[in-house]
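Source file: input07.tsv; contents: TSV, C-alpha atoms.
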```tsv
chain	number	residue	atom	x	y	z
A	1	MET	CA	13.72	-6.24	13.76
A	2	LYS	CA	11.27	-8.19	11.62
A	3	PHE	CA	8.01	-6.54	10.69
A	4	THR	CA	5.92	-9.03	12.68
A	5	GLU	CA	8.00	-8.31	15.79
A	6	LYS	CA	7.50	-4.58	15.28
A	7	ILE	CA	3.74	-5.10	15.00
A	8	ASN	CA	3.70	-7.07	18.26
A	9	GLU	CA	5.67	-4.35	20.06
A	10	ASP	CA	3.43	-1.61	18.66
A	11	LEU	CA	0.35	-3.60	19.72
A	12	LYS	CA	1.62	-3.69	23.31
A	13	SER	CA	2.42	0.02	23.32
A	14	ALA	CA	-1.00	0.89	21.84
A	15	MET	CA	-2.67	-1.17	24.57
A	16	LYS	CA	-0.69	0.59	27.28
A	17	ALA	CA	-1.36	4.04	25.79
A	18	LYS	CA	-5.07	3.19	25.32
A	19	GLU	CA	-5.19	4.37	21.71
A	20	PRO	CA	-8.30	2.73	20.25
A	21	ALA	CA	-7.73	3.63	16.57
A	22	ARG	CA	-4.12	2.46	16.60
A	23	LEU	CA	-5.03	-0.67	18.52
A	24	ARG	CA	-7.87	-1.54	16.13
A	25	THR	CA	-5.65	-1.06	13.07
A	26	ILE	CA	-2.67	-2.97	14.44
A	27	ARG	CA	-4.97	-5.86	15.35
A	28	ALA	CA	-6.27	-5.85	11.77
A	29	ILE	CA	-2.69	-5.94	10.46
A	30	LYS	CA	-1.76	-8.78	12.80
A	31	SER	CA	-4.89	-10.69	11.81
A	32	ALA	CA	-4.12	-10.33	8.09
A	33	ILE	CA	-0.55	-11.54	8.66
A	34	LEU	CA	-1.73	-14.54	10.69
A	35	LEU	CA	-4.20	-15.43	7.94
A	36	ALA	CA	-1.37	-15.28	5.40
A	37	GLN	CA	0.79	-17.54	7.58
A	38	THR	CA	-1.93	-20.15	7.95
A	39	ASP	CA	-3.22	-20.15	4.37
A	40	GLY	CA	-1.84	-23.63	3.78
A	41	SER	CA	1.03	-22.63	1.51
A	42	GLY	CA	3.61	-23.26	4.22
A	43	GLU	CA	5.44	-20.04	3.35
A	44	GLU	CA	6.70	-17.71	6.03
A	45	VAL	CA	5.45	-14.14	5.84
A	46	THR	CA	8.49	-12.10	4.85
A	47	ASP	CA	8.75	-8.34	5.18
A	48	ASP	CA	7.98	-7.98	1.45
A	49	LYS	CA	4.84	-10.07	1.77
A	50	ALA	CA	3.84	-8.08	4.85
A	51	MET	CA	4.18	-4.86	2.83
A	52	LYS	CA	1.88	-6.30	0.17
A	53	ILE	CA	-0.63	-7.13	2.90
A	54	LEU	CA	-0.40	-3.55	4.21
A	55	ILE	CA	-0.94	-2.16	0.72
A	56	LYS	CA	-4.00	-4.36	0.34
A	57	LEU	CA	-5.38	-3.22	3.69
A	58	MET	CA	-4.73	0.42	2.74
A	59	LYS	CA	-6.58	0.00	-0.56
A	60	GLN	CA	-9.55	-1.57	1.23
A	61	ARG	CA	-9.69	1.33	3.69
A	62	LYS	CA	-9.49	3.92	0.91
A	63	ASP	CA	-12.28	2.23	-1.04
A	64	SER	CA	-14.46	2.17	2.07
A	65	LEU	CA	-13.65	5.80	2.80
A	66	ASP	CA	-14.77	6.82	-0.71
A	67	ILE	CA	-18.04	4.93	-0.32
A	68	TYR	CA	-18.76	6.42	3.11
A	69	GLN	CA	-18.02	9.95	1.89
A	70	LYS	CA	-20.33	9.52	-1.11
A	71	GLN	CA	-23.10	8.34	1.21
A	72	ASN	CA	-22.49	11.22	3.68
A	73	ARG	CA	-21.57	8.84	6.50
A	74	GLU	CA	-18.96	11.04	8.15
A	75	ASP	CA	-18.97	8.92	11.33
A	76	LEU	CA	-17.81	5.83	9.43
A	77	ALA	CA	-15.51	7.87	7.18
A	78	ALA	CA	-13.71	9.23	10.26
A	79	VAL	CA	-13.02	5.68	11.49
A	80	GLU	CA	-11.60	4.65	8.10
A	81	GLN	CA	-9.44	7.80	7.95
A	82	GLU	CA	-7.98	7.02	11.39
A	83	GLU	CA	-7.05	3.53	10.22
A	84	ILE	CA	-5.55	4.89	6.99
A	85	ASP	CA	-3.36	7.24	9.02
A	86	VAL	CA	-2.06	4.36	11.15
A	87	LEU	CA	-1.42	2.16	8.09
A	88	GLN	CA	0.52	4.97	6.38
A	89	SER	CA	2.92	5.07	9.31
A	90	TYR	CA	4.05	1.53	8.39
A	91	LEU	CA	4.34	2.10	4.64
A	92	PRO	CA	7.28	3.83	2.95
A	93	GLN	CA	6.83	7.48	2.00
A	94	PRO	CA	4.94	7.78	-1.28
A	95	LEU	CA	6.79	9.25	-4.24
A	96	SER	CA	5.79	12.61	-5.68
A	97	GLU	CA	4.48	12.81	-9.25
A	98	ALA	CA	7.77	14.28	-10.43
A	99	GLU	CA	9.73	11.42	-8.86
A	100	ILE	CA	7.35	8.86	-10.37
A	101	GLU	CA	7.67	10.51	-13.79
A	102	ALA	CA	11.47	10.47	-13.59
A	103	GLU	CA	11.52	6.80	-12.57
A	104	VAL	CA	9.02	5.85	-15.30
A	105	GLN	CA	11.12	7.70	-17.90
A	106	ALA	CA	14.19	5.75	-16.79
A	107	ILE	CA	12.23	2.49	-17.07
A	108	ILE	CA	11.00	3.44	-20.55
A	109	ASN	CA	14.61	4.06	-21.63
A	110	GLN	CA	15.76	0.81	-20.01
A	111	VAL	CA	13.04	-1.31	-21.64
A	112	GLY	CA	13.33	0.49	-24.98
A	113	ALA	CA	9.64	1.34	-25.18
A	114	ASN	CA	8.53	3.88	-27.77
A	115	SER	CA	4.78	3.43	-28.27
A	116	MET	CA	1.57	2.55	-26.43
A	117	GLN	CA	2.05	-1.07	-27.54
A	118	ASP	CA	4.92	-1.31	-25.05
A	119	MET	CA	2.79	-0.13	-22.12
A	120	GLY	CA	2.52	-3.66	-20.67
A	121	LYS	CA	6.30	-4.06	-20.52
A	122	VAL	CA	6.75	-0.68	-18.84
A	123	MET	CA	3.89	-1.21	-16.37
A	124	GLY	CA	5.25	-4.60	-15.32
A	125	VAL	CA	8.67	-3.21	-14.46
A	126	ALA	CA	7.31	0.05	-12.98
A	127	SER	CA	4.79	-1.70	-10.74
A	128	LYS	CA	7.51	-3.90	-9.25
A	129	ALA	CA	9.97	-1.04	-8.88
A	130	MET	CA	7.52	1.30	-7.15
A	131	ALA	CA	5.46	-1.20	-5.16
A	132	GLY	CA	4.17	0.48	-2.02
A	133	LYS	CA	5.65	3.82	-3.00
A	134	ALA	CA	3.15	4.85	-5.69
A	135	ASP	CA	-0.43	4.10	-6.62
A	136	GLY	CA	-0.88	1.94	-9.72
A	137	LYS	CA	-3.39	4.38	-11.21
A	138	ILE	CA	-0.94	7.26	-11.05
A	139	ILE	CA	1.83	5.11	-12.54
A	140	SER	CA	-0.51	4.08	-15.37
A	141	GLN	CA	-1.48	7.70	-16.11
A	142	ILE	CA	2.16	8.79	-16.25
A	143	VAL	CA	3.15	5.83	-18.47
A	144	ARG	CA	0.31	6.70	-20.87
A	145	LYS	CA	1.35	10.36	-20.93
A	146	LEU	CA	5.01	9.57	-21.61
A	147	LEU	CA	4.34	6.91	-24.27
A	148	SER	CA	1.80	8.90	-26.28
```
Translate this file's structure into structure tokens.
Amino acid sequence: MKFTEKINEDLKSAMKAKEPARLRTIRAIKSAILLAQTDGSGEEVTDDKAMKILIKLMKQRKDSLDIYQKQNREDLAAVEQEEIDVLQSYLPQPLSEAEIEAEVQAIINQVGANSMQDMGKVMGVASKAMAGKADGKIISQIVRKLLS
């Protein structure tokens, strides 16, 4: 089943179950996918592109959550947290730090990196390999630690 079909089915089930947080989030996902389809490029939204859209939506929600928590707006923070929880159900399970470190070490060996000057090479490969599974900041910290 394609991702867009799954979203449509989940939208129907959320409507029937009267789950407002899930419904709101799934509508946001569907809206983002429709925008990507009609952006004029003529490209179809593949499952990979849909995952990138989900990652972008997740990052937006996390940024908003941080802002709301800093401003003591718990009412708005709760809404963002609900949407984050729904978005996480569509994303692959995130890797643990140990798994990220092992994968980064393998990439360092594969690329032949041995100093901080090679960080760009390692980050390019690592970001593609762990897209959606690990946060870029964590990957960057681990790459720095292993190369220094």
Nearest candidate to A:Gly112 (options A:Ala50, A:Ile100, A:Leu147, A:Leu11; using all atoms listed in the file): A:Leu147
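Take the candidates A:Leu146, A:Met123, A:Ala129, A:Ala21 and check each one against A:Glu80 using only C-alpha atoms; the shortest distance goes to A:Ala21.
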Report, as AutoDock Vina command-line options, the axis-aligned box around all atoms of stretch 128-146 of chain A present in the file, extended by 5 Å on each side; give centre and edge lengths in Å to one decimal place.
```
--center_x 3.3 --center_y 3.2 --center_z -11.8 --size_x 23.4 --size_y 24.3 --size_z 29.6
```
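Among the candidates A:Ile67, A:Val104, A:Ala134, A:Ile26, the residue lying nearest to A:Val86 is A:Ile26 (atoms considered: only C-alpha atoms).
Residues within 12 Å of A:Lys145, counting only C-alpha atoms and excluding same-chain residues fewer than 2 positions away, are Glu101, Val104, Gln105, Ile108, Asn114, Ser115, Met116, Met119, Ile138, Ile139, Ser140, Gln141, Ile142, Val143, Leu147 and Ser148 of chain A.
Across A:Gly124, A:Gln60, A:Ala77, A:Thr4, the tightest approach to A:Thr46 is made by A:Thr4 when counting only C-alpha atoms.
Nearest to A:Asp85 of all the residues A:Met15, A:Leu34, A:Thr25, A:Lys56 is A:Thr25, based on all atoms listed in the file.
Using all atoms listed in the file, the protein and nucleic acid residues lying no more than 12 Å from A:Lys6, apart from those fewer than 3 places from it along its own chain, are Met1, Lys2, Phe3, Glu9, Asp10, Leu11, Lys12, Ser13, Ile26, Ile29, Lys30, Asp47, Ala50 and Tyr90 of chain A.
With atom CA of A:Glu82 on one side and atom CA of A:Ser127 on the other, the separation reads 27.0 Å.
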Since fewer atoms than expected are present, regenerate N, CA and C atoms for stretch 32-50 of chain A and write them as a short mmCIF file (atom, residue, chain, number, x, y, z; two decimals), keeping the file's coordinate frame.
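The resulting file, rebuild_13.cif, is shown below:
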```cif
data_model
loop_
_atom_site.label_atom_id
_atom_site.label_comp_id
_atom_site.auth_asym_id
_atom_site.auth_seq_id
_atom_site.Cartn_x
_atom_site.Cartn_y
_atom_site.Cartn_z
N ALA A 32 -4.39 -10.07 9.51
CA ALA A 32 -4.12 -10.33 8.09
C ALA A 32 -2.82 -11.13 7.93
N ILE A 33 -1.82 -10.81 8.73
CA ILE A 33 -0.55 -11.54 8.66
C ILE A 33 -0.72 -12.97 9.13
N LEU A 34 -1.48 -13.18 10.21
CA LEU A 34 -1.73 -14.54 10.69
C LEU A 34 -2.51 -15.35 9.66
N LEU A 35 -3.46 -14.73 8.99
CA LEU A 35 -4.20 -15.43 7.94
C LEU A 35 -3.27 -15.84 6.80
N ALA A 36 -2.33 -14.97 6.46
CA ALA A 36 -1.37 -15.28 5.40
C ALA A 36 -0.45 -16.43 5.82
N GLN A 37 -0.09 -16.47 7.10
CA GLN A 37 0.79 -17.54 7.58
C GLN A 37 0.10 -18.89 7.59
N THR A 38 -1.20 -18.89 7.81
CA THR A 38 -1.93 -20.15 7.95
C THR A 38 -2.79 -20.46 6.73
N ASP A 39 -2.42 -19.93 5.58
CA ASP A 39 -3.22 -20.15 4.37
C ASP A 39 -2.97 -21.51 3.72
N GLY A 40 -2.08 -22.30 4.30
CA GLY A 40 -1.84 -23.63 3.78
C GLY A 40 -0.66 -23.73 2.83
N SER A 41 -0.08 -22.60 2.46
CA SER A 41 1.03 -22.63 1.51
C SER A 41 2.34 -23.04 2.19
N GLY A 42 2.41 -22.89 3.50
CA GLY A 42 3.61 -23.26 4.22
C GLY A 42 4.71 -22.22 4.14
N GLU A 43 4.44 -21.10 3.48
CA GLU A 43 5.44 -20.04 3.35
C GLU A 43 5.42 -19.14 4.58
N GLU A 44 6.60 -18.68 4.95
CA GLU A 44 6.70 -17.71 6.03
C GLU A 44 6.38 -16.33 5.46
N VAL A 45 5.77 -15.48 6.29
CA VAL A 45 5.45 -14.14 5.84
C VAL A 45 6.71 -13.28 5.99
N THR A 46 7.30 -12.94 4.85
CA THR A 46 8.49 -12.10 4.85
C THR A 46 8.07 -10.64 4.96
N ASP A 47 9.05 -9.77 5.10
CA ASP A 47 8.75 -8.34 5.18
C ASP A 47 8.12 -7.84 3.88
N ASP A 48 8.56 -8.37 2.74
CA ASP A 48 7.98 -7.98 1.45
C ASP A 48 6.51 -8.39 1.37
N LYS A 49 6.23 -9.61 1.79
CA LYS A 49 4.84 -10.07 1.77
C LYS A 49 3.99 -9.27 2.75
N ALA A 50 4.56 -8.90 3.88
CA ALA A 50 3.84 -8.08 4.85
C ALA A 50 3.51 -6.71 4.26
#
```
